[in-house]
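Colleague: Can you keep this structure in mind? I'll have questions shortly.
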Amino acid sequence: MIESNHILLIGLQNSGKSHYGAQFELRLSLSKGRLRKYVVEKDATLFQDVKERLVQGLPAMHTPTGTKKSKYLSLINDESETIDLVWQDYAGEQIGDIVDARKIPEKWHKDVTSSDSWLLFIRTDDIKVKKDPINQLPNRVSFDHAEDSGEELKFEYSDQTVFVELLQMMLFSKGAKHNGRISHPSLTIVLTCWDEIDFPSSQNETEATRTPQKVLHHFAPMLHDFVCNTWDPKALTFLGLSSLGMSLSDDQPNDEFVALGPENAGWVVLQDGSQSSDLTIPVAMCLHREA
Ligand SMILES: Nc1nc2c(ncn2[C@@H]2O[C@H](COP(=O)(O)OP(=O)(O)OP(=O)(O)O)[C@@H](O)[C@H]2O)c(=O)[nH]1
Ligand SMILES: [Mg+2]
C-alpha cells in the first residue's frame, strides 16, 4: 500500500480540471493505464455531467461557483500496490480568491496541509502578462498623470506572479522548511490544453524535443526559475496534457470526437517530450516520483 496518496489538484478557473477529472476516470475504467480501479465506487456523480457532455461531442460547463466536492478512489498500480486516492472537483475561482485575499480559507487549509503531492494545472493561454511589476515602470510613471486626469490607473500583475504567490502561501501553510530544497510535498506542473498552445517557433525545435519544461520556461520564465530554485529536482516534474486532444465547440457536437470516443481521446506529454495516451500518468507519477 502506498501511503502517500493525498494529491491536491490546483488550477485556476478554466484550466482544465473537470475535463481531466472525467477523462482520468474513464481511463481508470478501461483498466489499460498505469492506474486502474481496485474497487468500483458507488457514487459516480462527480464528473457525471462532464462525461455525459463528452459522449455527445460537447464540452462541459464551468463548475458552479462555490462547488467543492471530493470522493475516494481505490486504485491499484502496475506493481499491484493499492492506493486510496482523495480526488476532487471545485470551481477554480476559489484558487484565484486565495491569491486575491492572500489568505487560505479554512475549507482549503486541510487540503493544503495534508497533501503529499501538488498537481498544478496551468493553461498557457492564461499567462498573458509576462512582465513582473518592476518591468511595468512605464505604467508607474504615468501614475501622477493618471491621478491628475482622473483616469483610472491600470496596473496589471504578471500572471506568473499569481502562481508564485499561490505556491509561496501554500508552502507557508504547510510549514515547509526554508533550509534546503523542498521534497515534500512534491510538485508536478501540468501545462494543460497542449493541443492549442501556440508554441514558440525555433528552427532547432521539433515536436519530440519540445519538452514541457522548455515550454513553461518560454511562457513563464519567472515561475519556472522559482520552482526550480525551490524544489528538489527529484520532487519536481513538468508534464503537458491534452485531456481532449482537440477543442470542442459549446454548441456544435464534434462528430470526429464522438466517433473516436472520449475514452480514446487525449494524451500526456512526458518530461522528454514523448507522448502517451495513458491519462492516468500525471496521477501515477505523483504517487511514484520516477517517470
Ligand atoms: N483544446 C482543449 N480544450 C480543453 C481541453 N480540456 C479542457 N478544455 C476546454 O477548456 C475549458 C475549461 O475546461 P474545464 O475542465 O471546465 O476547466 P476547469 O478548470 O474545471 O474550470 P472551472 O470549472 O471554471 O474551475 C472547457 O471549455 C474545455 O472544453 C483540452 O485538452 N484541449
Ligand atoms: Mg470545472
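Chain lettering (A, B, ...) mirrors the order of the C-alpha cells, residue numbering begins at 1 for each chain separately, and ligand numbering begins at 1 in order of display.
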Around ligand 2, out to 6 Å and counting only C-alpha atoms and all ligand atoms, which residues are there? I want them as a PyMOL selection string.

Modeller: chain A and resi 17-18+62-63+91

Colleague: Store the residues of this selection in a file with C-alpha atoms, as a PDB file, in the first residue's frame.

Modeller:
```pdb
ATOM      1  CA  LYS A  17      -9.554  20.355 -14.083  1.00  0.00           C
ATOM      2  CA  SER A  18     -13.049  18.953 -14.680  1.00  0.00           C
ATOM      3  CA  HIS A  62     -17.753  25.825 -15.907  1.00  0.00           C
ATOM      4  CA  THR A  63     -18.058  24.214 -12.451  1.00  0.00           C
ATOM      5  CA  ALA A  91     -14.760  25.907  -9.089  1.00  0.00           C
TER       6      ALA A  91
END
```

Colleague: Please report, as an mmCIF file with N, CA and C atoms, in the first residue's frame, each residue of stretch 9-190 of chain A to which DSSP assigns alpha helix (DSSP H) when run on this structure's backbone.

Modeller:
```
data_model
loop_
_atom_site.group_PDB
_atom_site.id
_atom_site.type_symbol
_atom_site.label_atom_id
_atom_site.label_comp_id
_atom_site.auth_asym_id
_atom_site.auth_seq_id
_atom_site.Cartn_x
_atom_site.Cartn_y
_atom_site.Cartn_z
ATOM 1 N N LYS A 17 -9.456 21.317 -15.185
ATOM 2 C CA LYS A 17 -9.554 20.355 -14.083
ATOM 3 C C LYS A 17 -10.684 19.339 -14.287
ATOM 4 N N SER A 18 -11.881 19.848 -14.611
ATOM 5 C CA SER A 18 -13.049 18.953 -14.680
ATOM 6 C C SER A 18 -12.965 18.003 -15.865
ATOM 7 N N HIS A 19 -12.465 18.501 -16.993
ATOM 8 C CA HIS A 19 -12.359 17.613 -18.161
ATOM 9 C C HIS A 19 -11.281 16.562 -17.926
ATOM 10 N N TYR A 20 -10.221 16.951 -17.238
ATOM 11 C CA TYR A 20 -9.220 15.935 -16.902
ATOM 12 C C TYR A 20 -9.814 14.927 -15.916
ATOM 13 N N GLY A 21 -10.549 15.426 -14.920
ATOM 14 C CA GLY A 21 -11.155 14.529 -13.923
ATOM 15 C C GLY A 21 -12.017 13.469 -14.586
ATOM 16 N N ALA A 22 -12.835 13.899 -15.531
ATOM 17 C CA ALA A 22 -13.729 12.960 -16.223
ATOM 18 C C ALA A 22 -12.929 11.977 -17.078
ATOM 19 N N GLN A 23 -11.940 12.495 -17.795
ATOM 20 C CA GLN A 23 -11.134 11.629 -18.662
ATOM 21 C C GLN A 23 -10.262 10.664 -17.842
ATOM 22 N N PHE A 24 -9.784 11.134 -16.707
ATOM 23 C CA PHE A 24 -8.995 10.276 -15.808
ATOM 24 C C PHE A 24 -9.852 9.088 -15.354
ATOM 25 N N GLU A 25 -11.089 9.379 -14.961
ATOM 26 C CA GLU A 25 -11.974 8.300 -14.502
ATOM 27 C C GLU A 25 -12.310 7.342 -15.638
ATOM 28 N N LEU A 26 -12.534 7.888 -16.830
ATOM 29 C CA LEU A 26 -12.836 6.999 -17.965
ATOM 30 C C LEU A 26 -11.651 6.085 -18.251
ATOM 31 N N ARG A 27 -10.442 6.630 -18.175
ATOM 32 C CA ARG A 27 -9.242 5.812 -18.411
ATOM 33 C C ARG A 27 -9.092 4.752 -17.323
ATOM 34 N N LEU A 28 -9.416 5.123 -16.080
ATOM 35 C CA LEU A 28 -9.336 4.135 -14.996
ATOM 36 C C LEU A 28 -10.269 2.963 -15.284
ATOM 37 N N SER A 29 -11.461 3.284 -15.794
ATOM 38 C CA SER A 29 -12.455 2.233 -16.057
ATOM 39 C C SER A 29 -11.988 1.292 -17.163
ATOM 40 N N LEU A 30 -11.168 1.824 -18.104
ATOM 41 C CA LEU A 30 -10.689 0.969 -19.205
ATOM 42 C C LEU A 30 -9.659 -0.059 -18.737
ATOM 43 N N GLN A 48 -20.014 13.275 -13.623
ATOM 44 C CA GLN A 48 -21.009 12.607 -14.472
ATOM 45 C C GLN A 48 -21.503 13.544 -15.570
ATOM 46 N N ASP A 49 -21.751 14.811 -15.198
ATOM 47 C CA ASP A 49 -22.235 15.779 -16.180
ATOM 48 C C ASP A 49 -21.202 16.002 -17.284
ATOM 49 N N VAL A 50 -19.923 15.992 -16.912
ATOM 50 C CA VAL A 50 -18.862 16.196 -17.912
ATOM 51 C C VAL A 50 -18.841 14.997 -18.861
ATOM 52 N N LYS A 51 -18.918 13.790 -18.301
ATOM 53 C CA LYS A 51 -18.877 12.583 -19.147
ATOM 54 C C LYS A 51 -20.064 12.568 -20.105
ATOM 55 N N GLU A 52 -21.242 12.966 -19.610
ATOM 56 C CA GLU A 52 -22.441 12.966 -20.470
ATOM 57 C C GLU A 52 -22.284 13.922 -21.649
ATOM 58 N N ARG A 53 -21.673 15.062 -21.395
ATOM 59 C CA ARG A 53 -21.453 16.023 -22.488
ATOM 60 C C ARG A 53 -20.408 15.483 -23.460
ATOM 61 N N LEU A 54 -19.360 14.897 -22.936
ATOM 62 C CA LEU A 54 -18.278 14.424 -23.816
ATOM 63 C C LEU A 54 -18.750 13.334 -24.775
ATOM 64 N N VAL A 55 -19.603 12.425 -24.320
ATOM 65 C CA VAL A 55 -20.054 11.375 -25.251
ATOM 66 C C VAL A 55 -20.899 11.972 -26.385
ATOM 67 N N GLU A 93 -12.354 29.549 -9.447
ATOM 68 C CA GLU A 93 -12.178 30.922 -8.933
ATOM 69 C C GLU A 93 -11.838 30.927 -7.437
ATOM 70 N N GLN A 94 -12.084 29.784 -6.760
ATOM 71 C CA GLN A 94 -11.713 29.700 -5.339
ATOM 72 C C GLN A 94 -10.197 29.829 -5.177
ATOM 73 N N ILE A 95 -9.451 29.348 -6.178
ATOM 74 C CA ILE A 95 -7.985 29.466 -6.112
ATOM 75 C C ILE A 95 -7.574 30.919 -6.382
ATOM 76 N N GLY A 96 -8.237 31.549 -7.359
ATOM 77 C CA GLY A 96 -7.971 32.974 -7.628
ATOM 78 C C GLY A 96 -8.272 33.814 -6.399
ATOM 79 N N ASP A 97 -9.347 33.474 -5.689
ATOM 80 C CA ASP A 97 -9.723 34.229 -4.487
ATOM 81 C C ASP A 97 -8.660 34.123 -3.398
ATOM 82 N N ILE A 98 -8.017 32.942 -3.316
ATOM 83 C CA ILE A 98 -6.969 32.758 -2.304
ATOM 84 C C ILE A 98 -5.835 33.760 -2.547
ATOM 85 N N VAL A 99 -5.468 33.919 -3.822
ATOM 86 C CA VAL A 99 -4.376 34.843 -4.153
ATOM 87 C C VAL A 99 -4.825 36.280 -3.898
ATOM 88 N N ASP A 100 -6.052 36.616 -4.321
ATOM 89 C CA ASP A 100 -6.542 37.994 -4.131
ATOM 90 C C ASP A 100 -6.587 38.357 -2.651
ATOM 91 N N ALA A 101 -7.077 37.423 -1.823
ATOM 92 C CA ALA A 101 -7.235 37.715 -0.397
ATOM 93 C C ALA A 101 -5.937 37.482 0.374
ATOM 94 N N GLU A 106 -10.343 28.331 5.626
ATOM 95 C CA GLU A 106 -10.401 27.100 6.418
ATOM 96 C C GLU A 106 -10.671 25.860 5.564
ATOM 97 N N LYS A 107 -11.620 25.990 4.622
ATOM 98 C CA LYS A 107 -12.007 24.791 3.865
ATOM 99 C C LYS A 107 -10.904 24.307 2.921
ATOM 100 N N TRP A 108 -9.898 25.160 2.667
ATOM 101 C CA TRP A 108 -8.771 24.733 1.828
ATOM 102 C C TRP A 108 -7.542 24.364 2.648
ATOM 103 N N HIS A 109 -7.538 24.834 3.897
ATOM 104 C CA HIS A 109 -6.341 24.681 4.715
ATOM 105 C C HIS A 109 -5.950 23.222 4.892
ATOM 106 N N LYS A 110 -6.950 22.381 5.191
ATOM 107 C CA LYS A 110 -6.656 20.960 5.442
ATOM 108 C C LYS A 110 -6.126 20.291 4.173
ATOM 109 N N ASP A 111 -6.702 20.660 3.017
ATOM 110 C CA ASP A 111 -6.220 20.079 1.750
ATOM 111 C C ASP A 111 -4.746 20.397 1.542
ATOM 112 N N VAL A 112 -4.394 21.649 1.848
ATOM 113 C CA VAL A 112 -3.006 22.076 1.628
ATOM 114 C C VAL A 112 -2.070 21.370 2.608
ATOM 115 N N THR A 113 -2.457 21.352 3.891
ATOM 116 C CA THR A 113 -1.530 20.813 4.891
ATOM 117 C C THR A 113 -1.440 19.282 4.835
ATOM 118 N N SER A 114 -2.511 18.616 4.414
ATOM 119 C CA SER A 114 -2.472 17.140 4.453
ATOM 120 C C SER A 114 -2.032 16.526 3.122
ATOM 121 N N LEU A 137 7.382 49.640 -15.095
ATOM 122 C CA LEU A 137 7.620 51.001 -14.619
ATOM 123 C C LEU A 137 6.993 52.085 -15.488
ATOM 124 N N PRO A 138 7.003 51.936 -16.792
ATOM 125 C CA PRO A 138 6.354 52.979 -17.587
ATOM 126 C C PRO A 138 4.911 53.221 -17.129
ATOM 127 N N ASN A 139 4.236 52.193 -16.703
ATOM 128 C CA ASN A 139 2.884 52.336 -16.166
ATOM 129 C C ASN A 139 2.884 53.188 -14.911
ATOM 130 N N ARG A 140 3.898 52.909 -14.077
ATOM 131 C CA ARG A 140 4.012 53.630 -12.815
ATOM 132 C C ARG A 140 4.264 55.113 -13.059
ATOM 133 N N VAL A 141 5.137 55.422 -14.059
ATOM 134 C CA VAL A 141 5.490 56.800 -14.355
ATOM 135 C C VAL A 141 4.237 57.589 -14.708
ATOM 136 N N PHE A 143 1.515 57.317 -13.362
ATOM 137 C CA PHE A 143 0.642 57.332 -12.194
ATOM 138 C C PHE A 143 0.158 58.752 -11.855
ATOM 139 N N ASP A 144 1.138 59.715 -11.768
ATOM 140 C CA ASP A 144 0.772 61.090 -11.397
ATOM 141 C C ASP A 144 -0.213 61.670 -12.393
ATOM 142 N N HIS A 145 0.118 61.402 -13.634
ATOM 143 C CA HIS A 145 -0.727 61.913 -14.698
ATOM 144 C C HIS A 145 -2.150 61.342 -14.554
ATOM 145 N N ALA A 146 -2.195 60.053 -14.271
ATOM 146 C CA ALA A 146 -3.498 59.395 -14.160
ATOM 147 C C ALA A 146 -4.300 59.981 -13.001
ATOM 148 N N GLU A 147 -3.593 60.277 -11.883
ATOM 149 C CA GLU A 147 -4.304 60.834 -10.725
ATOM 150 C C GLU A 147 -4.894 62.195 -11.051
ATOM 151 N N ASP A 148 -4.042 63.054 -11.728
ATOM 152 C CA ASP A 148 -4.487 64.404 -12.075
ATOM 153 C C ASP A 148 -5.668 64.364 -13.030
ATOM 154 N N SER A 149 -5.538 63.470 -13.986
ATOM 155 C CA SER A 149 -6.526 63.493 -15.060
ATOM 156 C C SER A 149 -7.804 62.743 -14.688
ATOM 157 N N ASP A 159 0.906 37.439 -14.767
ATOM 158 C CA ASP A 159 0.135 36.233 -14.481
ATOM 159 C C ASP A 159 0.985 35.175 -13.788
ATOM 160 N N GLN A 160 2.298 35.232 -14.042
ATOM 161 C CA GLN A 160 3.163 34.263 -13.364
ATOM 162 C C GLN A 160 3.187 34.506 -11.866
ATOM 163 N N THR A 161 3.096 35.805 -11.487
ATOM 164 C CA THR A 161 3.156 36.162 -10.075
ATOM 165 C C THR A 161 2.068 35.456 -9.278
ATOM 166 N N VAL A 162 0.901 35.293 -9.915
ATOM 167 C CA VAL A 162 -0.225 34.631 -9.247
ATOM 168 C C VAL A 162 0.201 33.232 -8.796
ATOM 169 N N PHE A 163 0.879 32.505 -9.677
ATOM 170 C CA PHE A 163 1.270 31.138 -9.333
ATOM 171 C C PHE A 163 2.394 31.125 -8.294
ATOM 172 N N VAL A 164 3.324 32.071 -8.427
ATOM 173 C CA VAL A 164 4.428 32.121 -7.451
ATOM 174 C C VAL A 164 3.863 32.448 -6.065
ATOM 175 N N GLU A 165 2.972 33.445 -6.010
ATOM 176 C CA GLU A 165 2.383 33.831 -4.721
ATOM 177 C C GLU A 165 1.584 32.692 -4.129
ATOM 178 N N LEU A 166 0.822 32.021 -4.978
ATOM 179 C CA LEU A 166 -0.012 30.912 -4.507
ATOM 180 C C LEU A 166 0.871 29.813 -3.905
ATOM 181 N N LEU A 167 1.919 29.446 -4.630
ATOM 182 C CA LEU A 167 2.799 28.380 -4.126
ATOM 183 C C LEU A 167 3.483 28.800 -2.828
ATOM 184 N N GLN A 168 3.876 30.083 -2.747
ATOM 185 C CA GLN A 168 4.524 30.544 -1.516
ATOM 186 C C GLN A 168 3.562 30.488 -0.337
ATOM 187 N N MET A 169 2.316 30.894 -0.578
ATOM 188 C CA MET A 169 1.320 30.837 0.513
ATOM 189 C C MET A 169 1.082 29.407 0.959
ATOM 190 N N MET A 170 1.007 28.507 -0.037
ATOM 191 C CA MET A 170 0.745 27.109 0.288
ATOM 192 C C MET A 170 1.921 26.499 1.060
ATOM 193 N N LEU A 171 3.140 26.864 0.661
ATOM 194 C CA LEU A 171 4.320 26.340 1.369
ATOM 195 C C LEU A 171 4.342 26.859 2.806
ATOM 196 N N PHE A 172 3.950 28.125 2.978
ATOM 197 C CA PHE A 172 3.906 28.709 4.323
ATOM 198 C C PHE A 172 2.889 27.954 5.194
ATOM 199 N N SER A 173 1.688 27.719 4.625
ATOM 200 C CA SER A 173 0.650 26.997 5.368
ATOM 201 C C SER A 173 1.095 25.591 5.736
ATOM 202 N N LYS A 174 1.809 25.000 4.840
ATOM 203 C CA LYS A 174 2.269 23.623 5.037
ATOM 204 C C LYS A 174 3.429 23.572 6.029
#
```

Colleague: Do you know which residues are within 9 Å of ligand 1 using only C-alpha atoms and all ligand atoms? Can you write them as a PyMOL selection string?

Modeller: chain A and resi 10-22+50+58-65+67+89-95+121+123+192-197+241-250+265-267

Colleague: With C-alpha atoms retained, write the just-selected residues as a PDB file, in the first residue's frame.

Modeller:
```
ATOM      1  CA  ILE A  10      -4.643  23.054  -8.084  1.00  0.00           C
ATOM      2  CA  GLY A  11      -5.930  25.067 -11.010  1.00  0.00           C
ATOM      3  CA  LEU A  12      -7.487  28.433 -11.742  1.00  0.00           C
ATOM      4  CA  GLN A  13     -10.828  28.767 -13.497  1.00  0.00           C
ATOM      5  CA  ASN A  14     -10.864  27.261 -16.986  1.00  0.00           C
ATOM      6  CA  SER A  15      -7.566  25.416 -16.522  1.00  0.00           C
ATOM      7  CA  GLY A  16      -8.994  22.000 -17.487  1.00  0.00           C
ATOM      8  CA  LYS A  17      -9.554  20.355 -14.083  1.00  0.00           C
ATOM      9  CA  SER A  18     -13.049  18.953 -14.680  1.00  0.00           C
ATOM     10  CA  HIS A  19     -12.359  17.613 -18.161  1.00  0.00           C
ATOM     11  CA  TYR A  20      -9.220  15.935 -16.902  1.00  0.00           C
ATOM     12  CA  GLY A  21     -11.155  14.529 -13.923  1.00  0.00           C
ATOM     13  CA  ALA A  22     -13.729  12.960 -16.223  1.00  0.00           C
ATOM     14  CA  VAL A  50     -18.862  16.196 -17.912  1.00  0.00           C
ATOM     15  CA  LEU A  58     -19.630  18.686 -26.433  1.00  0.00           C
ATOM     16  CA  PRO A  59     -17.603  20.294 -23.638  1.00  0.00           C
ATOM     17  CA  ALA A  60     -18.983  20.656 -20.123  1.00  0.00           C
ATOM     18  CA  MET A  61     -19.859  23.909 -18.424  1.00  0.00           C
ATOM     19  CA  HIS A  62     -17.753  25.825 -15.907  1.00  0.00           C
ATOM     20  CA  THR A  63     -18.058  24.214 -12.451  1.00  0.00           C
ATOM     21  CA  PRO A  64     -20.569  26.349 -10.484  1.00  0.00           C
ATOM     22  CA  THR A  65     -19.050  28.907  -8.110  1.00  0.00           C
ATOM     23  CA  THR A  67     -18.652  23.926  -5.628  1.00  0.00           C
ATOM     24  CA  ASP A  89     -13.544  18.897  -8.304  1.00  0.00           C
ATOM     25  CA  TYR A  90     -14.186  22.532  -7.488  1.00  0.00           C
ATOM     26  CA  ALA A  91     -14.760  25.907  -9.089  1.00  0.00           C
ATOM     27  CA  GLY A  92     -11.372  27.373  -9.992  1.00  0.00           C
ATOM     28  CA  GLU A  93     -12.178  30.922  -8.933  1.00  0.00           C
ATOM     29  CA  GLN A  94     -11.713  29.700  -5.339  1.00  0.00           C
ATOM     30  CA  ILE A  95      -7.985  29.466  -6.112  1.00  0.00           C
ATOM     31  CA  PHE A 121      -2.625  22.868 -13.790  1.00  0.00           C
ATOM     32  CA  ARG A 123      -3.130  26.849 -19.205  1.00  0.00           C
ATOM     33  CA  THR A 192      -2.978  21.832 -19.998  1.00  0.00           C
ATOM     34  CA  CYS A 193      -4.740  22.158 -23.375  1.00  0.00           C
ATOM     35  CA  TRP A 194      -1.406  21.301 -25.013  1.00  0.00           C
ATOM     36  CA  ASP A 195      -3.199  20.864 -28.369  1.00  0.00           C
ATOM     37  CA  GLU A 196      -3.978  24.608 -28.504  1.00  0.00           C
ATOM     38  CA  ILE A 197      -0.613  26.001 -27.346  1.00  0.00           C
ATOM     39  CA  LEU A 241      -1.648  17.421 -21.079  1.00  0.00           C
ATOM     40  CA  SER A 242      -4.371  17.444 -23.646  1.00  0.00           C
ATOM     41  CA  SER A 243      -7.341  15.763 -21.958  1.00  0.00           C
ATOM     42  CA  LEU A 244      -9.494  16.063 -25.070  1.00  0.00           C
ATOM     43  CA  GLY A 245      -6.910  16.148 -27.853  1.00  0.00           C
ATOM     44  CA  MET A 246      -8.834  18.960 -29.560  1.00  0.00           C
ATOM     45  CA  SER A 247     -11.072  21.966 -28.894  1.00  0.00           C
ATOM     46  CA  LEU A 248     -14.797  21.295 -28.670  1.00  0.00           C
ATOM     47  CA  SER A 249     -17.432  23.854 -29.554  1.00  0.00           C
ATOM     48  CA  ASP A 250     -20.025  24.717 -26.883  1.00  0.00           C
ATOM     49  CA  ALA A 265      -9.078  10.985 -26.920  1.00  0.00           C
ATOM     50  CA  GLY A 266      -6.238  12.973 -25.384  1.00  0.00           C
ATOM     51  CA  TRP A 267      -2.632  12.434 -24.415  1.00  0.00           C
TER      52      TRP A 267
END
```

Colleague: Ranking A:Lys234, A:Val190, A:Ile76, A:His224 by minimum distance to A:Pro282 and counting only C-alpha atoms, which one comes first?

Modeller: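 Of the candidates, the smallest distance to A:Pro282 is held by A:Val190.
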
Colleague: Give me the residues near A:Pro200 as a PyMOL selection string, where near means some atom within 9 Å (using only C-alpha atoms) and where sequence neighbours in that chain fewer than 4 positions away do not count.

Modeller: chain A and resi 215+218-219

Colleague: Have a look at atom CA of A:Thr211 and atom CA of A:Ile127 and let me know their distance in Å, one decimal.

Modeller: 18.0 Å
